[in-house]
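Participant: Provided herewith: run-v2.txt, compact mmCIF, C-alpha atoms.
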```txt
# COMPACT_ATOMS: atom_id res chain seq x y z
CA MET A 444 0.00 0.00 0.00
CA PRO A 445 1.96 3.09 -1.21
CA TRP A 446 0.46 6.58 -0.88
CA VAL A 447 -2.92 7.14 0.78
CA ARG A 448 -5.11 9.99 1.94
CA ARG A 449 -8.48 10.18 3.66
CA THR A 450 -11.56 10.61 1.48
CA ARG A 451 -13.88 13.46 2.43
CA HIS A 452 -16.91 11.43 1.40
CA LEU A 453 -17.57 9.84 4.78
CA VAL A 454 -20.63 9.99 7.03
CA LEU A 455 -20.94 8.85 10.63
CA ALA A 456 -23.43 5.98 10.68
CA ALA A 457 -26.04 5.38 13.37
CA PRO A 458 -24.77 3.10 16.15
CA GLY A 459 -26.16 -0.41 16.38
CA ASP A 460 -28.07 -1.99 19.23
CA ASP A 461 -25.09 -3.90 20.56
CA ALA A 462 -22.67 -2.50 23.10
CA ALA A 463 -19.54 -3.01 21.01
CA ALA A 464 -16.94 -0.29 21.49
CA ALA A 465 -16.57 0.67 17.83
CA LEU A 466 -17.28 3.55 15.48
CA ARG A 467 -19.49 2.99 12.42
CA VAL A 468 -18.74 5.04 9.32
CA LEU A 469 -20.51 5.02 5.97
CA SER A 470 -18.32 5.38 2.90
CA LEU A 471 -20.06 7.13 0.02
CA LEU A 472 -17.53 5.48 -2.29
CA THR A 473 -18.93 2.02 -1.56
CA GLY A 474 -22.33 2.76 -0.01
CA SER A 475 -21.45 0.36 2.82
CA ARG A 476 -21.03 0.86 6.55
CA ALA A 477 -17.72 -0.01 8.13
CA GLU A 478 -17.07 -0.73 11.80
CA LEU A 479 -13.74 0.72 12.92
CA SER A 480 -11.54 -0.23 15.81
CA PHE A 481 -9.85 2.45 17.88
CA ASP A 482 -6.55 1.79 16.09
CA GLU A 483 -8.24 2.28 12.72
CA VAL A 484 -9.90 5.47 13.93
CA ARG A 485 -6.52 6.87 14.96
CA VAL A 486 -5.11 6.08 11.50
CA LEU A 487 -8.14 7.59 9.75
CA VAL A 488 -8.20 10.90 11.64
CA GLY A 489 -4.41 11.18 11.43
CA LEU A 490 -4.50 11.42 7.63
CA SER A 491 -5.39 14.46 5.55
CA THR A 492 -7.98 14.68 2.78
CA ARG A 493 -5.56 16.79 0.71
CA ARG A 494 -2.02 15.56 1.42
CA TRP A 495 -0.87 12.05 0.54
CA ALA A 496 1.05 9.99 3.08
CA TRP A 497 3.12 6.80 2.76
CA ARG A 498 1.55 3.94 4.72
CA VAL A 499 2.27 0.21 4.52
CA ASP A 500 0.52 -1.02 7.67
CA HIS A 501 -2.45 -3.37 7.88
CA GLU A 502 -4.88 -0.69 9.11
CA ALA A 503 -4.25 1.52 6.06
CA ILE A 504 -4.78 -1.40 3.67
CA SER A 505 -8.03 -2.34 5.40
CA LEU A 506 -9.33 1.23 5.42
CA ALA A 507 -8.49 1.76 1.75
CA SER A 508 -10.15 -1.49 0.66
CA ARG A 509 -13.38 -0.40 2.41
CA GLY A 510 -13.48 3.04 0.77
CA LEU A 511 -12.40 5.11 3.77
CA LEU A 512 -8.97 5.97 2.39
CA VAL A 513 -7.95 6.69 -1.20
CA SER A 514 -4.88 4.83 -2.45
CA ASP A 515 -2.78 5.23 -5.60
CA GLU A 516 -2.41 1.44 -5.77
CA PRO A 517 -2.82 0.36 -9.46
CA ALA A 518 -5.20 -2.51 -8.70
CA GLU A 519 -8.81 -3.17 -7.78
CA PRO A 520 -10.72 -2.19 -5.74
CA PHE A 521 -8.42 0.79 -5.22
CA GLU A 522 -8.61 2.12 -8.80
CA ASP A 523 -12.42 2.06 -8.83
CA LEU A 524 -12.63 3.71 -5.40
CA ARG A 525 -10.15 6.39 -6.47
CA ARG A 526 -12.26 7.10 -9.57
CA ARG A 527 -15.43 7.26 -7.45
CA ASP A 528 -13.75 9.70 -5.06
CA ALA A 529 -12.81 11.97 -7.98
CA GLU A 530 -16.36 11.86 -9.37
CA LEU A 531 -17.96 12.83 -6.04
CA THR A 532 -15.40 15.58 -5.50
CA ALA A 533 -16.12 17.00 -8.97
CA LEU A 534 -19.85 17.08 -8.12
CA GLY A 535 -19.12 19.28 -5.10
CA TRP A 536 -21.53 17.34 -2.88
CA HIS A 537 -21.64 19.07 0.49
CA PRO A 538 -20.91 16.61 3.35
CA ALA A 539 -23.90 17.90 5.35
CA ALA A 540 -26.23 17.22 2.42
CA ALA A 541 -24.76 13.74 2.05
CA ALA A 542 -25.24 13.12 5.77
CA PHE A 543 -28.89 14.16 5.52
CA LEU A 544 -29.46 11.84 2.57
CA VAL A 545 -27.87 8.90 4.35
CA GLY A 546 -29.61 9.63 7.63
CA THR A 547 -33.09 9.70 6.04
CA ARG A 548 -32.64 6.86 3.55
CA TRP A 549 -34.76 3.75 3.89
CA ASP A 550 -32.53 0.85 4.87
CA GLY A 551 -33.50 -2.76 4.32
CA THR A 552 -36.84 -1.96 2.65
CA GLN A 553 -37.94 -4.33 -0.12
CA VAL A 554 -40.58 -3.72 -2.78
CA THR A 555 -42.71 -6.63 -3.99
CA ALA A 556 -43.29 -6.58 -7.75
CA GLN A 557 -45.17 -8.82 -10.14
CA ARG A 558 -43.42 -11.71 -11.84
CA ARG A 559 -42.93 -11.74 -15.59
CA ASP A 560 -46.12 -13.80 -16.03
CA GLY A 561 -48.16 -11.21 -14.10
CA SER A 562 -48.54 -13.25 -10.91
CA ARG A 563 -47.55 -11.90 -7.53
CA PRO A 564 -44.97 -13.68 -5.36
CA PRO A 565 -46.20 -15.11 -2.05
CA ARG A 566 -46.22 -12.69 0.85
CA PRO A 567 -45.06 -13.58 4.33
CA PRO A 568 -47.70 -13.48 7.05
CA ARG A 569 -48.31 -10.06 8.61
CA ALA A 570 -46.78 -9.60 12.04
CA GLY A 571 -49.41 -7.76 14.08
CA ALA A 572 -52.22 -5.42 13.06
CA PRO A 573 -51.60 -2.67 10.48
CA GLN A 574 -50.90 0.82 11.74
CA SER A 575 -53.55 3.52 11.52
CA PRO A 576 -53.29 5.64 8.33
CA PHE A 577 -53.73 8.77 10.48
CA HIS A 578 -51.41 9.73 13.32
CA LEU A 579 -53.55 10.52 16.37
CA ARG A 580 -52.44 12.46 19.44
CA GLU A 581 -54.32 13.08 22.64
CA GLY A 582 -55.22 16.64 23.61
CA ARG A 583 -57.87 19.33 23.30
CA ARG A 584 -59.48 19.18 19.87
CA MET A 585 -60.44 22.32 17.92
CA PRO A 586 -62.56 21.95 14.76
CA LEU A 587 -61.45 24.03 11.78
CA PRO A 588 -63.74 25.84 9.32
CA ALA A 589 -64.65 24.09 6.09
CA VAL A 590 -62.41 25.01 3.19
CA THR A 591 -63.84 25.73 -0.26
CA HIS A 592 -61.88 27.09 -3.18
CA GLU A 593 -63.04 27.71 -6.73
CA ASP A 594 -59.75 28.93 -8.21
CA GLU A 595 -57.83 27.12 -10.94
CA LEU A 596 -55.00 25.93 -8.67
CA HIS A 597 -57.28 24.06 -6.29
CA ARG A 598 -59.32 22.67 -9.18
CA LEU A 599 -56.14 21.11 -10.58
CA LEU A 600 -55.15 19.81 -7.15
CA HIS A 601 -58.49 18.01 -6.79
CA LEU A 602 -58.17 16.57 -10.30
CA ARG A 603 -54.77 15.02 -9.50
CA ARG A 604 -54.72 11.24 -9.81
CA THR A 605 -52.05 8.58 -9.56
CA THR A 606 -52.32 5.83 -12.17
CA ARG A 607 -50.13 2.85 -12.86
CA SER A 608 -52.13 1.34 -15.69
CA PHE A 609 -50.26 1.70 -18.96
CA ASP A 610 -51.34 0.98 -22.53
CA SER A 611 -48.47 -1.13 -23.86
CA SER A 612 -49.88 -0.99 -27.40
CA ARG A 613 -49.57 2.79 -27.76
CA PRO A 614 -46.07 4.29 -28.03
CA VAL A 615 -45.17 7.70 -26.64
CA THR A 616 -44.97 10.46 -29.22
CA LYS A 617 -41.86 12.54 -29.72
CA LEU A 618 -43.81 15.66 -28.74
CA GLU A 619 -44.95 14.04 -25.47
CA LEU A 620 -41.36 13.14 -24.61
CA ALA A 621 -40.17 16.66 -25.47
CA THR A 622 -42.96 18.19 -23.39
CA LEU A 623 -42.10 16.05 -20.37
CA LEU A 624 -38.39 16.78 -20.56
CA HIS A 625 -38.80 20.53 -21.12
CA SER A 626 -41.56 21.02 -18.54
CA VAL A 627 -39.80 19.13 -15.73
CA TRP A 628 -36.07 19.45 -16.44
CA GLY A 629 -35.73 22.01 -19.21
CA ALA A 630 -33.90 25.31 -18.77
CA HIS A 631 -36.34 28.19 -19.23
CA ALA A 632 -33.94 31.05 -18.49
CA SER A 633 -30.42 31.70 -17.21
CA ALA A 634 -28.44 34.49 -15.58
CA PRO A 635 -24.66 34.86 -15.03
CA LEU A 636 -23.34 34.73 -11.46
CA ALA A 637 -20.01 35.58 -9.89
CA HIS A 638 -16.88 33.53 -10.64
CA GLY A 639 -18.29 32.28 -13.95
CA ASP A 640 -21.24 30.33 -12.51
CA LEU A 641 -24.57 30.34 -14.31
CA ALA A 642 -27.95 30.38 -12.56
CA ILE A 643 -30.56 28.34 -14.43
CA ARG A 644 -34.30 28.79 -14.11
CA LYS A 645 -36.34 25.57 -14.17
CA THR A 646 -39.78 24.61 -12.93
CA SER A 647 -38.23 23.09 -9.77
CA PRO A 648 -36.16 24.93 -7.13
CA SER A 649 -32.44 24.41 -6.63
CA GLY A 650 -29.95 25.99 -4.23
CA GLY A 651 -28.19 28.82 -6.02
CA GLY A 652 -30.12 28.02 -9.20
CA LEU A 653 -27.37 25.53 -10.12
CA HIS A 654 -29.59 22.46 -10.78
CA PRO A 655 -26.88 19.75 -10.56
CA VAL A 656 -29.28 16.90 -11.51
CA GLU A 657 -28.77 15.47 -14.99
CA VAL A 658 -31.43 13.46 -16.86
CA TYR A 659 -30.70 10.27 -18.81
CA PRO A 660 -33.91 9.07 -20.55
CA PHE A 661 -34.17 5.34 -21.19
CA VAL A 662 -36.14 5.32 -24.44
CA ARG A 663 -37.86 2.15 -25.62
CA ARG A 664 -41.02 3.03 -27.54
CA VAL A 665 -41.10 6.66 -28.64
CA GLU A 666 -42.25 7.54 -32.13
CA GLY A 667 -39.44 9.13 -34.13
CA VAL A 668 -36.75 8.37 -31.50
CA GLU A 669 -34.53 5.32 -31.83
CA PRO A 670 -34.40 3.06 -28.74
CA GLY A 671 -31.43 3.79 -26.53
CA ILE A 672 -30.02 5.55 -23.50
CA TYR A 673 -29.85 9.32 -23.95
CA HIS A 674 -28.57 12.39 -22.15
CA TYR A 675 -30.94 15.36 -22.10
CA ARG A 676 -29.07 18.60 -22.78
CA SER A 677 -31.42 20.92 -20.91
CA GLY A 678 -29.71 24.10 -22.12
CA ASP A 679 -30.19 23.22 -25.78
CA HIS A 680 -33.35 21.08 -25.41
CA GLU A 681 -31.68 18.20 -27.23
CA LEU A 682 -31.12 14.49 -26.75
CA VAL A 683 -27.70 12.90 -27.15
CA ARG A 684 -27.78 9.14 -27.66
CA LEU A 685 -25.15 7.46 -25.53
CA ARG A 686 -25.99 3.83 -26.27
CA ALA A 687 -28.26 2.10 -28.75
CA LEU A 688 -30.66 -0.67 -27.70
```
As structure tokens, please, write out the structure in this file.
Facilitator:
Amino acid sequence: MPWVRRTRHLVLAAPGDDAAAALRVLSLLTGSRAELSFDEVRVLVGLSTRRWAWRVDHEAISLASRGLLVSDEPAEPFEDLRRRDAELTALGWHPAAAAFLVGTRWDGTQVTAQRRDGSRPPRPPRAGAPQSPFHLREGRRMPLPAVTHEDELHRLLHLRRTTRSFDSSRPVTKLELATLLHSVWGAHASAPLAHGDLAIRKTSPSGGGLHPVEVYPFVRRVEGVEPGIYHYRSGDHELVRLRAL
């Protein structure tokens, strides 16, 4: 293990239920939680995120293989972790934002989907009665006045529906795809900021008007658009095909 440095893409993980004297850290390079001994913690905090240091001990090798240190070792998994570290650094992801994402992410949740033949897989028996759909608290109750609105906004809110029934025989038109992309992710205006940054106006909010989210449509059945994986260039309202299907 030649030169190493600490990655800045680390988040303290929630402690477990056991009483083990260890620190749990989540590496955003691997997406996995690592349990560190006190010796490993001393090695980790003793290294800089900017300056490289020469380490050949077992703790450094273990930390680098789990995505807590970045190594210049020309082998896997170190090359892939080093590339991932560079990608996250280029995104400029704030550590506090990453900590919020990790802290509020569902962990261990599974979604049951239909099989290819349309049948549903067997479900395990329910453990206990289902929870109430409404959260009730005890206290003095105060009725509120009835709300009636006739304006266009509330009319649209009441017309909102969620549907998951799709007509597989009718393809999406090119205009429908363009409308979806432009209405949700398209750039409608821009303004220059300091230091060469550009504020972009979209239909959704973004801190500083920077809108760092990129859209990659997976096109299968769109009239006039060849199947493939595309990148939506929101500034030009164009699709760039990255891979054909």
Participant: Using only C-alpha atoms for the distances, tell me which of A:His452, A:Lys645, A:Arg664, A:Arg603 is nearest to Thr616 in chain A.
Facilitator: A:Arg664
Participant: Could you check how far CA of Gly629 in chain A sits from CA of Gly678 in chain A, in Å to one decimal?
Facilitator: 7.0 Å
Participant: Please report the interatomic distance between CA of Val468 in chain A and CA of Arg494 in chain A in Å with one decimal.
Facilitator: 21.3 Å
Participant: For Arg476 in chain A, which residue among A:Pro517, A:Arg509, A:Pro445, A:Gly652 is the nearest when counting all atoms listed in the file?
Facilitator: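 With all atoms listed in the file as the atom set, the closest residue is A:Arg509.
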Participant: For CA of Val454 in chain A and CA of Asp515 in chain A, determine how far apart the two atoms are, in Å to one decimal place.
Facilitator: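 The value is 22.4 Å.
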Participant: Considering only C-alpha atoms, can you say which of A:Val447, A:Leu685, A:Val615, A:Met585 comes closest to Ser514 in chain A?
Facilitator: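 With only C-alpha atoms as the atom set, the closest residue is A:Val447.
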